[in-house]
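Colleague: Below is the file work-v6.csv, which contains CSV, C-alpha atoms.
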chain,number,residue,atom,x,y,z
K,357,MET,CA,-110.8,160.3,-79.8
K,358,ASN,CA,-110.8,157.0,-81.6
K,359,PHE,CA,-109.5,155.3,-78.5
K,360,ILE,CA,-112.4,156.8,-76.4
K,361,PHE,CA,-115.0,155.9,-79.0
K,362,ASN,CA,-113.7,152.3,-79.3
K,363,TYR,CA,-113.6,151.9,-75.5
K,364,LEU,CA,-117.1,153.1,-75.1
K,365,SER,CA,-118.4,150.9,-77.9
K,366,GLN,CA,-116.6,147.8,-76.5
K,367,ASN,CA,-118.8,145.7,-74.3
K,368,ASN,CA,-121.4,148.6,-74.4
K,369,HIS,CA,-119.4,150.6,-71.9
K,370,TYR,CA,-121.4,153.7,-72.9
K,371,LEU,CA,-124.5,152.0,-71.3
K,372,SER,CA,-122.7,151.7,-68.0
K,373,ILE,CA,-122.0,155.4,-68.1
K,374,ILE,CA,-125.7,156.0,-68.8
K,375,GLY,CA,-126.6,153.7,-65.9
K,376,ILE,CA,-124.3,155.6,-63.5
K,377,LEU,CA,-126.0,158.9,-64.5
K,378,ILE,CA,-129.5,157.3,-64.1
K,379,PHE,CA,-128.7,156.0,-60.6
K,380,LEU,CA,-127.4,159.3,-59.5
K,381,THR,CA,-130.4,161.1,-61.0
K,382,ILE,CA,-132.8,158.8,-59.2
K,383,ALA,CA,-131.0,159.6,-55.9
K,384,PHE,CA,-131.2,163.3,-56.7
K,385,ILE,CA,-135.0,163.1,-57.5
K,386,PHE,CA,-135.7,161.5,-54.1
K,387,SER,CA,-133.3,163.8,-52.2
K,388,LYS,CA,-134.8,165.1,-48.9
K,389,ASN,CA,-133.0,168.4,-49.2
K,390,LYS,CA,-131.5,169.1,-52.7
K,391,LYS,CA,-130.0,172.5,-51.9
K,392,HIS,CA,-127.7,171.0,-49.2
K,393,ILE,CA,-126.2,168.4,-51.5
K,394,LYS,CA,-122.4,169.0,-51.6
K,395,LEU,CA,-121.3,168.3,-55.2
K,396,SER,CA,-117.7,168.1,-54.3
K,397,ARG,CA,-118.3,165.3,-51.7
K,398,ILE,CA,-120.4,163.4,-54.3
K,399,LEU,CA,-117.7,163.6,-57.0
K,400,ILE,CA,-114.9,162.6,-54.6
K,401,ALA,CA,-116.9,159.6,-53.3
K,402,LEU,CA,-117.6,158.5,-56.9
K,403,ALA,CA,-113.9,158.9,-57.8
K,404,MET,CA,-113.1,156.9,-54.8
K,405,GLN,CA,-115.3,154.0,-56.0
K,406,PHE,CA,-113.7,154.1,-59.4
K,407,ALA,CA,-110.2,154.2,-57.8
K,408,ILE,CA,-110.9,151.2,-55.6
K,409,ALA,CA,-112.3,149.2,-58.5
K,410,TYR,CA,-109.4,150.1,-60.8
K,411,LEU,CA,-106.8,149.4,-58.1
K,412,ILE,CA,-108.1,146.0,-57.3
K,413,LEU,CA,-109.2,144.8,-60.8
K,414,ASN,CA,-106.7,146.5,-63.2
K,415,THR,CA,-103.4,147.0,-61.4
K,416,LYS,CA,-100.8,144.3,-60.7
K,417,ILE,CA,-100.2,145.4,-57.1
K,418,GLY,CA,-104.0,145.6,-56.4
K,419,GLN,CA,-104.6,142.2,-57.9
K,420,THR,CA,-101.7,140.7,-56.0
K,421,ILE,CA,-102.8,142.1,-52.6
K,422,PHE,CA,-106.5,141.3,-52.9
K,423,HIS,CA,-105.8,137.9,-54.5
K,424,LYS,CA,-103.9,137.1,-51.3
K,425,ILE,CA,-106.8,138.4,-49.2
K,426,ALA,CA,-109.1,136.1,-51.1
K,427,MET,CA,-106.7,133.2,-50.6
K,428,GLY,CA,-106.8,134.1,-46.9
K,429,PHE,CA,-110.5,133.7,-46.9
K,430,ASN,CA,-110.2,130.4,-48.6
K,431,LYS,CA,-107.6,129.2,-46.0
K,432,ILE,CA,-110.0,130.2,-43.2
K,433,ASN,CA,-112.7,128.2,-45.0
K,434,PHE,CA,-110.3,125.2,-45.0
K,435,PHE,CA,-109.8,125.6,-41.2
K,436,ALA,CA,-113.6,125.8,-40.7
K,437,GLU,CA,-114.0,122.6,-42.8
K,438,GLU,CA,-111.7,120.7,-40.5
K,439,GLY,CA,-114.1,121.4,-37.6
K,440,ILE,CA,-117.1,120.5,-39.9
K,441,LYS,CA,-115.5,117.2,-40.8
K,442,PHE,CA,-114.9,116.4,-37.1
K,443,VAL,CA,-118.6,116.9,-36.2
K,444,PHE,CA,-120.3,115.5,-39.4
K,445,GLY,CA,-117.7,113.0,-40.6
K,446,ASN,CA,-118.2,111.7,-44.1
K,447,LEU,CA,-121.3,113.8,-44.5
K,448,ALA,CA,-119.0,116.8,-45.1
K,449,ILE,CA,-117.4,115.1,-48.1
K,450,PRO,CA,-119.4,116.1,-51.2
K,451,THR,CA,-117.8,113.5,-53.5
K,452,GLU,CA,-119.6,110.7,-51.6
K,453,SER,CA,-122.9,109.3,-53.0
K,454,TRP,CA,-125.0,111.8,-51.0
K,455,GLY,CA,-123.3,114.7,-52.7
K,456,TYR,CA,-123.2,118.3,-51.6
K,457,ILE,CA,-125.3,119.0,-48.4
K,458,PHE,CA,-125.7,122.7,-48.1
K,459,ALA,CA,-126.7,122.7,-44.4
K,460,ILE,CA,-123.4,120.9,-43.5
K,461,LYS,CA,-121.0,122.4,-46.0
K,462,VAL,CA,-122.1,126.1,-45.8
K,463,LEU,CA,-124.0,127.0,-42.7
K,464,PRO,CA,-121.3,125.9,-40.2
K,465,ILE,CA,-118.9,128.4,-41.9
K,466,ILE,CA,-121.1,131.2,-40.7
K,467,ILE,CA,-120.8,129.9,-37.1
K,468,PHE,CA,-117.0,129.6,-37.4
K,469,PHE,CA,-116.7,133.2,-38.8
K,470,GLY,CA,-119.0,134.4,-36.1
K,471,ALA,CA,-116.6,133.2,-33.5
K,472,LEU,CA,-113.5,134.3,-35.4
K,473,THR,CA,-114.8,137.9,-36.0
K,474,SER,CA,-115.8,138.1,-32.3
K,475,LEU,CA,-112.3,137.1,-31.3
K,476,LEU,CA,-110.7,139.5,-33.7
K,477,TYR,CA,-113.0,142.3,-32.4
K,478,HIS,CA,-112.1,141.5,-28.7
K,479,LEU,CA,-108.3,141.6,-29.7
K,480,GLY,CA,-108.9,145.0,-31.3
K,481,ILE,CA,-107.8,143.8,-34.8
K,482,ILE,CA,-111.0,144.7,-36.5
K,483,GLN,CA,-111.1,148.1,-34.8
K,484,PHE,CA,-107.6,148.7,-36.0
K,485,PHE,CA,-108.4,148.2,-39.7
K,486,VAL,CA,-111.7,150.0,-39.4
K,487,LYS,CA,-109.9,153.0,-37.9
K,488,ILE,CA,-107.4,153.0,-40.8
K,489,ILE,CA,-110.2,153.1,-43.3
K,490,THR,CA,-112.0,155.9,-41.3
K,491,VAL,CA,-108.8,158.0,-41.1
K,492,LEU,CA,-108.4,157.6,-44.9
K,493,ILE,CA,-112.0,158.4,-45.8
K,494,SER,CA,-113.4,160.8,-43.3
K,495,PRO,CA,-111.1,163.8,-44.0
K,496,ILE,CA,-111.5,163.3,-47.8
K,497,LEU,CA,-115.3,163.1,-47.8
K,498,GLY,CA,-115.9,165.4,-44.9
K,499,THR,CA,-118.0,162.9,-43.1
K,500,SER,CA,-118.2,162.5,-39.3
K,501,GLY,CA,-116.0,159.9,-37.5
K,502,ALA,CA,-119.1,158.0,-36.2
K,503,GLU,CA,-120.8,157.5,-39.5
K,504,THR,CA,-117.5,156.7,-41.4
K,505,LEU,CA,-116.4,154.2,-38.7
K,506,CYS,CA,-119.8,152.4,-38.7
K,507,THR,CA,-120.0,152.4,-42.5
K,508,ALA,CA,-116.5,150.9,-42.8
K,509,ALA,CA,-117.3,148.3,-40.1
K,510,ASN,CA,-120.4,147.2,-42.0
K,511,SER,CA,-118.2,145.8,-44.7
K,512,MET,CA,-116.9,143.3,-42.2
K,513,LEU,CA,-119.5,142.9,-39.4
K,514,ASP,CA,-123.2,142.4,-39.2
K,515,PRO,CA,-125.3,145.7,-38.7
K,516,SER,CA,-125.8,145.1,-35.0
K,517,ALA,CA,-122.0,144.6,-34.3
K,518,ALA,CA,-121.0,147.5,-36.6
K,519,THR,CA,-123.5,149.8,-34.8
K,520,LEU,CA,-122.2,148.7,-31.4
K,521,LEU,CA,-118.8,150.0,-32.4
K,522,ILE,CA,-120.1,153.5,-31.9
K,523,LYS,CA,-122.4,152.7,-28.9
K,524,SER,CA,-121.3,155.8,-27.0
K,525,GLU,CA,-122.3,158.0,-29.9
K,526,LEU,CA,-125.6,156.5,-30.9
K,527,LYS,CA,-127.9,158.9,-29.0
K,528,HIS,CA,-126.0,161.9,-30.5
K,529,LEU,CA,-126.3,160.9,-34.2
K,530,THR,CA,-127.8,163.4,-36.6
K,531,ASP,CA,-130.5,162.2,-39.0
K,532,SER,CA,-128.1,162.3,-41.9
K,533,GLU,CA,-125.6,160.2,-39.9
K,534,MET,CA,-128.3,157.7,-39.0
K,535,PHE,CA,-129.4,157.4,-42.6
K,536,THR,CA,-125.8,156.8,-43.8
K,537,ILE,CA,-125.3,154.0,-41.2
K,538,LEU,CA,-128.6,152.3,-42.3
K,539,VAL,CA,-127.6,152.6,-46.0
K,540,ALA,CA,-124.2,151.0,-45.2
K,541,ALA,CA,-126.0,148.1,-43.5
K,542,MET,CA,-128.2,147.6,-46.6
K,543,SER,CA,-125.4,147.9,-49.2
K,544,THR,CA,-122.7,145.7,-47.8
K,545,ILE,CA,-122.3,142.0,-46.7
K,546,THR,CA,-120.4,140.6,-43.8
K,547,ALA,CA,-117.0,138.9,-43.9
K,548,SER,CA,-118.7,135.6,-42.9
K,549,LEU,CA,-121.0,135.7,-45.9
K,550,ILE,CA,-118.1,136.6,-48.2
K,551,ALA,CA,-116.5,133.4,-47.0
K,552,VAL,CA,-119.8,131.5,-47.5
K,553,TYR,CA,-120.5,132.8,-51.0
K,554,GLY,CA,-116.9,132.2,-52.0
K,555,SER,CA,-117.2,128.6,-50.8
K,556,ILE,CA,-120.2,127.9,-53.1
K,557,GLY,CA,-118.4,129.3,-56.1
K,558,ILE,CA,-118.9,133.1,-56.3
K,559,PRO,CA,-115.6,134.8,-57.3
K,560,MET,CA,-114.3,136.0,-53.9
K,561,LEU,CA,-112.1,138.7,-55.3
K,562,HIS,CA,-115.2,140.5,-56.7
K,563,LEU,CA,-117.1,140.0,-53.4
K,564,ILE,CA,-114.3,141.7,-51.5
K,565,THR,CA,-114.1,144.5,-54.1
K,566,ALA,CA,-117.8,145.1,-54.0
K,567,SER,CA,-117.9,145.2,-50.2
K,568,ILE,CA,-115.0,147.8,-50.2
K,569,MET,CA,-116.6,149.9,-53.0
K,570,SER,CA,-119.8,150.0,-50.9
K,571,ILE,CA,-118.1,152.1,-48.2
K,572,PRO,CA,-117.7,155.3,-50.3
K,573,GLY,CA,-120.8,154.2,-52.3
K,574,ALA,CA,-123.0,154.2,-49.2
K,575,ILE,CA,-121.8,157.7,-48.2
K,576,LEU,CA,-122.2,159.0,-51.8
K,577,ILE,CA,-125.8,157.9,-52.2
K,578,SER,CA,-126.9,158.6,-48.6
K,579,LYS,CA,-125.5,162.2,-48.8
K,580,ILE,CA,-127.6,162.8,-52.0
K,581,LEU,CA,-130.8,161.3,-50.5
K,582,PHE,CA,-130.3,162.7,-47.0
K,583,PRO,CA,-127.7,165.6,-46.9
K,584,GLU,CA,-126.2,166.7,-43.7
K,585,THR,CA,-127.9,169.9,-42.3
K,586,ASP,CA,-126.8,169.7,-38.7
K,587,SER,CA,-123.4,169.6,-36.9
K,588,PRO,CA,-122.2,166.1,-36.1
K,589,ARG,CA,-120.6,165.6,-32.7
K,590,THR,CA,-117.8,163.6,-34.1
K,591,ALA,CA,-116.9,165.9,-37.0
K,592,ALA,CA,-113.5,167.6,-37.3
K,593,GLY,CA,-111.6,164.6,-36.0
K,594,ASN,CA,-113.2,164.2,-32.7
K,595,LYS,CA,-112.3,160.7,-31.3
K,596,ILE,CA,-114.8,158.0,-30.7
K,597,LYS,CA,-114.6,155.6,-27.8
K,598,LEU,CA,-114.8,152.0,-29.0
K,599,GLU,CA,-116.3,149.6,-26.4
K,600,LYS,CA,-115.8,145.9,-26.1
K,601,ASP,CA,-118.7,143.6,-25.3
K,602,SER,CA,-116.7,140.6,-24.1
K,603,SER,CA,-114.7,140.2,-20.9
K,604,ASN,CA,-112.0,137.8,-22.2
K,605,ILE,CA,-111.0,135.6,-25.2
K,606,LEU,CA,-113.2,132.7,-24.2
K,607,ASP,CA,-116.2,134.9,-23.6
K,608,ALA,CA,-115.6,136.5,-27.1
K,609,ILE,CA,-115.4,133.0,-28.8
K,610,SER,CA,-118.5,131.8,-26.9
K,611,THR,CA,-120.5,134.9,-27.7
K,612,GLY,CA,-119.4,134.9,-31.4
K,613,THR,CA,-120.3,131.2,-31.7
K,614,SER,CA,-123.8,131.8,-30.3
K,615,THR,CA,-124.3,134.8,-32.6
K,616,GLY,CA,-123.0,132.8,-35.6
K,617,LEU,CA,-125.3,129.9,-34.7
K,618,ASN,CA,-128.3,132.2,-34.6
K,619,ILE,CA,-127.4,133.7,-38.0
K,620,ALA,CA,-126.8,130.3,-39.6
K,621,LEU,CA,-130.1,129.0,-38.3
K,622,ALA,CA,-131.9,132.1,-39.6
K,623,VAL,CA,-130.2,131.8,-43.0
K,624,GLY,CA,-131.1,128.1,-43.3
K,625,ALA,CA,-134.7,128.8,-42.2
K,626,MET,CA,-135.1,131.7,-44.6
K,627,LEU,CA,-133.7,129.8,-47.5
K,628,MET,CA,-136.1,126.9,-46.9
K,629,VAL,CA,-139.1,129.2,-46.5
K,630,PHE,CA,-138.2,131.6,-49.3
K,631,ILE,CA,-137.3,129.0,-51.9
K,632,GLY,CA,-140.4,127.0,-51.0
K,633,LEU,CA,-142.6,130.0,-51.2
K,634,MET,CA,-140.9,131.1,-54.5
K,635,ASN,CA,-141.7,127.7,-56.0
K,636,MET,CA,-145.2,127.8,-54.8
K,637,LEU,CA,-145.7,131.3,-56.2
K,638,ASP,CA,-144.1,130.3,-59.4
K,639,PHE,CA,-146.5,127.4,-59.7
K,640,GLY,CA,-149.5,129.7,-59.0
K,641,ILE,CA,-148.3,132.3,-61.6
K,642,GLU,CA,-147.8,129.6,-64.2
K,643,LYS,CA,-151.2,128.2,-63.7
K,644,ILE,CA,-153.0,131.6,-63.6
K,645,THR,CA,-151.2,133.0,-66.7
K,646,GLY,CA,-151.7,129.7,-68.5
K,647,TYR,CA,-155.5,130.0,-67.9
K,648,PHE,CA,-155.8,133.6,-69.1
K,649,PHE,CA,-153.2,133.7,-71.9
K,650,GLU,CA,-152.1,131.4,-74.7
K,651,THR,CA,-148.7,131.1,-73.1
K,652,SER,CA,-148.1,130.6,-69.4
K,653,TYR,CA,-145.4,132.7,-67.6
K,654,THR,CA,-143.1,131.9,-64.7
K,655,LEU,CA,-142.1,134.1,-61.8
K,656,ASN,CA,-138.5,134.3,-63.3
K,657,GLN,CA,-139.9,135.5,-66.6
K,658,LEU,CA,-142.0,138.2,-65.0
K,659,LEU,CA,-139.1,139.4,-62.8
K,660,GLY,CA,-136.7,139.1,-65.8
K,661,SER,CA,-138.9,141.3,-67.9
K,662,SER,CA,-139.4,143.8,-65.1
K,663,PHE,CA,-135.7,144.2,-64.3
K,664,SER,CA,-134.1,143.4,-67.7
K,665,GLY,CA,-133.7,147.2,-68.5
K,666,VAL,CA,-131.8,147.6,-65.2
K,667,ALA,CA,-129.6,144.7,-66.1
K,668,TYR,CA,-128.9,146.2,-69.6
K,669,ILE,CA,-127.7,149.6,-68.3
K,670,ILE,CA,-125.3,148.1,-65.8
K,671,GLY,CA,-123.5,146.3,-68.7
K,672,ILE,CA,-125.0,142.8,-68.8
K,673,ALA,CA,-124.8,141.2,-72.2
K,674,LYS,CA,-128.0,141.6,-74.1
K,675,GLN,CA,-128.6,137.8,-74.3
K,676,ASP,CA,-128.4,137.6,-70.5
K,677,THR,CA,-130.6,140.5,-69.6
K,678,ILE,CA,-133.8,138.5,-68.9
K,679,ALA,CA,-132.0,135.9,-66.8
K,680,ALA,CA,-130.0,138.7,-65.0
K,681,GLY,CA,-133.2,140.7,-64.5
K,682,ALA,CA,-134.8,137.7,-62.7
K,683,LEU,CA,-131.8,137.5,-60.4
K,684,LEU,CA,-132.0,141.2,-59.6
K,685,GLY,CA,-135.7,140.9,-58.8
K,686,GLN,CA,-135.0,137.8,-56.6
K,687,LYS,CA,-132.3,139.7,-54.7
K,688,LEU,CA,-134.7,142.6,-54.0
K,689,ALA,CA,-137.8,140.6,-53.3
K,690,LEU,CA,-136.2,137.7,-51.4
K,691,ASN,CA,-132.4,138.0,-50.6
K,692,GLU,CA,-129.0,137.9,-52.1
K,693,PHE,CA,-128.5,134.3,-51.0
K,694,VAL,CA,-131.3,133.0,-53.2
K,695,ALA,CA,-130.1,135.2,-56.1
K,696,PHE,CA,-126.5,134.0,-55.8
K,697,ALA,CA,-127.6,130.3,-55.5
K,698,ASN,CA,-129.7,130.6,-58.7
K,699,MET,CA,-127.0,132.5,-60.5
K,700,LEU,CA,-124.7,129.5,-60.1
K,701,LYS,CA,-127.2,127.3,-61.8
K,702,MET,CA,-127.4,129.5,-64.9
K,703,THR,CA,-125.1,129.5,-67.9
K,704,LEU,CA,-124.3,133.2,-68.3
K,705,ASN,CA,-121.6,135.1,-70.1
K,706,PRO,CA,-118.6,135.2,-67.7
K,707,ARG,CA,-118.6,139.0,-67.8
K,708,SER,CA,-122.3,139.1,-67.0
K,709,THR,CA,-121.6,136.8,-64.0
K,710,ILE,CA,-119.0,139.2,-62.6
K,711,ILE,CA,-121.2,142.3,-63.1
K,712,LEU,CA,-124.1,140.5,-61.4
K,713,THR,CA,-121.8,139.7,-58.4
K,714,TYR,CA,-121.5,143.4,-57.7
K,715,ALA,CA,-125.2,144.1,-58.2
K,716,ILE,CA,-126.3,141.3,-55.9
K,717,CYS,CA,-123.6,141.7,-53.3
K,718,GLY,CA,-125.5,143.5,-50.6
K,719,PHE,CA,-128.3,143.1,-48.0
K,720,ALA,CA,-130.7,145.5,-49.8
K,721,ASN,CA,-134.0,143.6,-49.8
K,722,PHE,CA,-137.5,144.1,-48.2
K,723,SER,CA,-136.9,141.7,-45.3
K,724,VAL,CA,-133.9,143.6,-44.1
K,725,ILE,CA,-136.0,146.6,-43.3
K,726,GLY,CA,-137.6,144.5,-40.6
K,727,ILE,CA,-134.2,143.3,-39.5
K,728,LEU,CA,-132.9,146.8,-39.1
K,729,ILE,CA,-136.0,147.9,-37.2
K,730,GLY,CA,-135.5,145.0,-34.8
K,731,ALA,CA,-131.7,144.9,-34.5
K,732,VAL,CA,-130.6,148.5,-34.9
K,733,GLY,CA,-133.8,149.8,-33.4
K,734,SER,CA,-133.3,147.8,-30.2
K,735,LEU,CA,-129.8,149.5,-29.8
K,736,ILE,CA,-131.3,153.0,-30.4
K,737,PRO,CA,-135.0,152.8,-29.2
K,738,SER,CA,-135.4,156.5,-29.7
K,739,ARG,CA,-134.6,156.2,-33.4
K,740,ARG,CA,-136.9,153.2,-34.1
K,741,ASN,CA,-139.5,155.6,-35.7
K,742,PHE,CA,-136.8,157.1,-37.9
K,743,ILE,CA,-136.0,153.6,-39.2
K,744,THR,CA,-139.6,152.8,-39.9
K,745,LYS,CA,-140.3,156.2,-41.5
K,746,TYR,CA,-137.3,156.0,-43.9
K,747,GLY,CA,-137.1,152.2,-44.3
K,748,PHE,CA,-138.1,152.1,-48.0
K,749,LYS,CA,-135.8,155.1,-48.8
K,750,VAL,CA,-132.9,153.2,-47.1
K,751,LEU,CA,-133.8,150.2,-49.3
K,752,LEU,CA,-133.8,152.4,-52.4
K,753,ALA,CA,-130.4,153.8,-51.4
K,754,GLY,CA,-128.8,150.4,-50.7
K,755,THR,CA,-130.1,149.1,-54.1
K,756,LEU,CA,-128.6,152.1,-55.9
K,757,VAL,CA,-125.3,151.6,-54.2
K,758,ASN,CA,-125.1,148.0,-55.4
K,759,LEU,CA,-126.2,148.9,-58.9
K,760,LEU,CA,-123.7,151.7,-59.0
K,761,ASN,CA,-120.9,149.3,-58.0
K,762,ALA,CA,-122.0,147.0,-60.8
K,763,ALA,CA,-122.0,149.8,-63.4
K,764,ILE,CA,-118.5,151.0,-62.3
K,765,ALA,CA,-117.1,147.5,-62.3
K,766,SER,CA,-118.6,147.0,-65.8
K,767,LEU,CA,-116.6,150.0,-67.1
K,768,ILE,CA,-113.3,148.6,-65.7
K,769,ILE,CA,-113.4,144.8,-66.4
If you took the structure in this file and wrote it as structure tokens, what would it be?

Modeller:
Amino acid sequence: MNFIFNYLSQNNHYLSIIGILIFLTIAFIFSKNKKHIKLSRILIALAMQFAIAYLILNTKIGQTIFHKIAMGFNKINFFAEEGIKFVFGNLAIPTESWGYIFAIKVLPIIIFFGALTSLLYHLGIIQFFVKIITVLISPILGTSGAETLCTAANSMLDPSAATLLIKSELKHLTDSEMFTILVAAMSTITASLIAVYGSIGIPMLHLITASIMSIPGAILISKILFPETDSPRTAAGNKIKLEKDSSNILDAISTGTSTGLNIALAVGAMLMVFIGLMNMLDFGIEKITGYFFETSYTLNQLLGSSFSGVAYIIGIAKQDTIAAGALLGQKLALNEFVAFANMLKMTLNPRSTIILTYAICGFANFSVIGILIGAVGSLIPSRRNFITKYGFKVLLAGTLVNLLNAAIASLII
């Protein structure tokens, strides 16, 4: 008993347990059909999240394997940098007088990974690993092959590519399957962005862990919010036909490069706009609050105060809750890129930084609702209304998955 008490008291672990219960309760409150929630599926998915986190973070074999995976990402970054240096020359060397140029050092990595993932997809390597994950998870959680496959793929590919994996099954998806796929798209990030965030200084081991934890996490939260009431076509081990969208290797590389370029341009444009707007809004809030109150307030202070309670119950150190709350608010209102970039500028407790990595590591923000309507909705025009109807519920689910990951990681580290 003393061991349990001491463990719960250490680093306020008991708060993380409270946080987990709160997040699950919120999902239950907003559930579409509470009587169809399968408690056994929820408990198994939660246990799976804990097992993944413990295996990677607290066992020697897990740390060794995933450290090597992280090193592999770093090695791929090195190969990408060789191409960047060839095109941009000395501008790609941050030690020169002009320093670190984000557009040159970071955005081209997205293009390189776009081509690489497209090549791996054409060769069937991505499908192989996704199928292994599906075979391991689907029978245990009782989920359909289509939703499990797409959920697993979202931890590597962008939502459009992950959805294309089950192209032949899209028109047959049940509402619950569709909801799960959308939640997976919200709560994960792509392999290319894992590489990018790792290149700017975010711990890559934790990015990878968070992305893998989001696979059972997305299923857990989605099956509370939107339980299955129909009979999925790909249940009970029915096979899914995986289709390729490229004719040969050169076509795959070319298509992936174009896709990566579009994503890199979109990321760069969004960062310029969002950071500019955020500074403009910050200026306006500071001036307005300074006019009406004795003390002026900044946007970060308002976001920090609003989300500090959430930061506290996922295990963030008390002295960091305001700063962490601001980052959680930025991630939700803007995107994870802005939140990660600002996190690196802060002097936080190392443990708080790790926990925040899990909480921020996901696409769950308001702008992604529009992206899902445009990208996934174009693949399944008949379900566009479904996405618009449940867009905010999907956002809630994706946010809960990321916060649940953070609270679980907090209990283990």

Colleague: K:Ala667, K:Ile556, K:Ala625, K:Phe630: which is nearest Lys701 of chain K, counting only C-alpha atoms?

Modeller: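 The shortest atom-to-atom distance to Lys701 of chain K comes from K:Ile556.
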
Colleague: Mind pulling up the distance from atom CA of Leu549 of chain K to atom CA of Val462 of chain K?

Modeller: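 Going from atom CA of Val462 of chain K over to atom CA of Leu549 of chain K, I get 9.7 Å.
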
Colleague: What is the distance between atom CA of Gly616 of chain K and atom CA of Ala697 of chain K, in Å to one decimal?

Modeller: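 Atom CA of Ala697 of chain K lies 20.6 Å from atom CA of Gly616 of chain K.
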
Colleague: Please, what distance in Å, to one decimal, runs between atom CA of Arg739 of chain K and atom CA of Ser516 of chain K?

Modeller: 14.3 Å

Colleague: What's around segment 465-482 of chain K at 8 Å? Count all atoms listed in the file, leave out sequence neighbours fewer than 2 positions away in its own chain, and write the answer as a PyMOL selection string.

Modeller: chain K and resi 433+436-437+461-463+484-486+513+547-549+551-552+600-602+604-605+608-617+619-620

Colleague: Counting all atoms listed in the file, which of K:Leu505, K:Ile558, K:Ile678, K:Leu529 gets nearest to Phe696 of chain K?

Modeller: K:Ile558

Colleague: Please build the interface table for segment 512-556 of chain K against segment 577-582 of chain K with a cut-off of 7 Å, listing for each qualifying residue the nearest atom pair and the distance in Å to one decimal; count only C-alpha atoms, order rows by chain and increasing number, and write it as a tab-separated table.

Modeller:
residue	atom	partner	partner_atom	distance
K:Ser532	CA	K:Phe582	CA	5.6
K:Phe535	CA	K:Ser578	CA	6.6
K:Thr536	CA	K:Ser578	CA	5.2
K:Val539	CA	K:Ser578	CA	6.6

Colleague: Go through K:Met534, K:Val623, K:Leu655, K:Ile417 and flag the residue nearest Asp638 of chain K, using only C-alpha atoms for the distances.

Modeller: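 Ranking K:Met534, K:Val623, K:Leu655, K:Ile417 by distance to Asp638 of chain K, first place goes to K:Leu655.
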
Colleague: Please identify all polymer residues within 8 Å of His528 of chain K, counting only C-alpha atoms, omitting same-chain residues fewer than 2 positions from it, and present them as a list of chain:residue names.

Modeller: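 Residues meeting the cut-off are K:Glu525, K:Leu526, K:Thr530, K:Pro588, K:Arg589.
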
Colleague: So that I can check the surroundings of Asn691 of chain K, please list as a PDB file with C-alpha atoms, in the coordinates of the input every protein, DNA and RNA residue that reaches within 12 Å of it, counting only C-alpha atoms and ignoring chain neighbours fewer than 2 positions away.

Modeller:
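New file out.pdb:
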ATOM      1  CA  MET K 542    -128.200 147.600 -46.600  1.00  0.00           C
ATOM      2  CA  ILE K 545    -122.300 142.000 -46.700  1.00  0.00           C
ATOM      3  CA  VAL K 623    -130.200 131.800 -43.000  1.00  0.00           C
ATOM      4  CA  MET K 626    -135.100 131.700 -44.600  1.00  0.00           C
ATOM      5  CA  LEU K 627    -133.700 129.800 -47.500  1.00  0.00           C
ATOM      6  CA  VAL K 629    -139.100 129.200 -46.500  1.00  0.00           C
ATOM      7  CA  PHE K 630    -138.200 131.600 -49.300  1.00  0.00           C
ATOM      8  CA  ILE K 631    -137.300 129.000 -51.900  1.00  0.00           C
ATOM      9  CA  MET K 634    -140.900 131.100 -54.500  1.00  0.00           C
ATOM     10  CA  LEU K 683    -131.800 137.500 -60.400  1.00  0.00           C
ATOM     11  CA  LEU K 684    -132.000 141.200 -59.600  1.00  0.00           C
ATOM     12  CA  GLY K 685    -135.700 140.900 -58.800  1.00  0.00           C
ATOM     13  CA  GLN K 686    -135.000 137.800 -56.600  1.00  0.00           C
ATOM     14  CA  LYS K 687    -132.300 139.700 -54.700  1.00  0.00           C
ATOM     15  CA  LEU K 688    -134.700 142.600 -54.000  1.00  0.00           C
ATOM     16  CA  ALA K 689    -137.800 140.600 -53.300  1.00  0.00           C
ATOM     17  CA  PHE K 693    -128.500 134.300 -51.000  1.00  0.00           C
ATOM     18  CA  VAL K 694    -131.300 133.000 -53.200  1.00  0.00           C
ATOM     19  CA  ALA K 695    -130.100 135.200 -56.100  1.00  0.00           C
ATOM     20  CA  PHE K 696    -126.500 134.000 -55.800  1.00  0.00           C
ATOM     21  CA  ALA K 697    -127.600 130.300 -55.500  1.00  0.00           C
ATOM     22  CA  ASN K 698    -129.700 130.600 -58.700  1.00  0.00           C
ATOM     23  CA  ILE K 716    -126.300 141.300 -55.900  1.00  0.00           C
ATOM     24  CA  CYS K 717    -123.600 141.700 -53.300  1.00  0.00           C
ATOM     25  CA  GLY K 718    -125.500 143.500 -50.600  1.00  0.00           C
ATOM     26  CA  PHE K 719    -128.300 143.100 -48.000  1.00  0.00           C
ATOM     27  CA  ALA K 720    -130.700 145.500 -49.800  1.00  0.00           C
ATOM     28  CA  ASN K 721    -134.000 143.600 -49.800  1.00  0.00           C
ATOM     29  CA  PHE K 722    -137.500 144.100 -48.200  1.00  0.00           C
ATOM     30  CA  SER K 723    -136.900 141.700 -45.300  1.00  0.00           C
ATOM     31  CA  VAL K 724    -133.900 143.600 -44.100  1.00  0.00           C
ATOM     32  CA  ILE K 725    -136.000 146.600 -43.300  1.00  0.00           C
ATOM     33  CA  THR K 755    -130.100 149.100 -54.100  1.00  0.00           C
TER      34      THR K 755
END

Colleague: Counting only C-alpha atoms, which residues have an atom no more than 10 Å from (-121.8, 144.4, -74.7) in the file's coordinates? Please list them as number ranges by chain.

Modeller: K: 364-372, 668, 671-675, 707-708, 766

Colleague: Between K:Gly665, K:Gly498, K:Pro559, K:Gly640, single out the one closest to Gly375 of chain K, counting all atoms listed in the file.

Modeller: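 Checking each of K:Gly665, K:Gly498, K:Pro559, K:Gly640 against Gly375 of chain K, counting all atoms listed in the file, the winner is K:Gly665.
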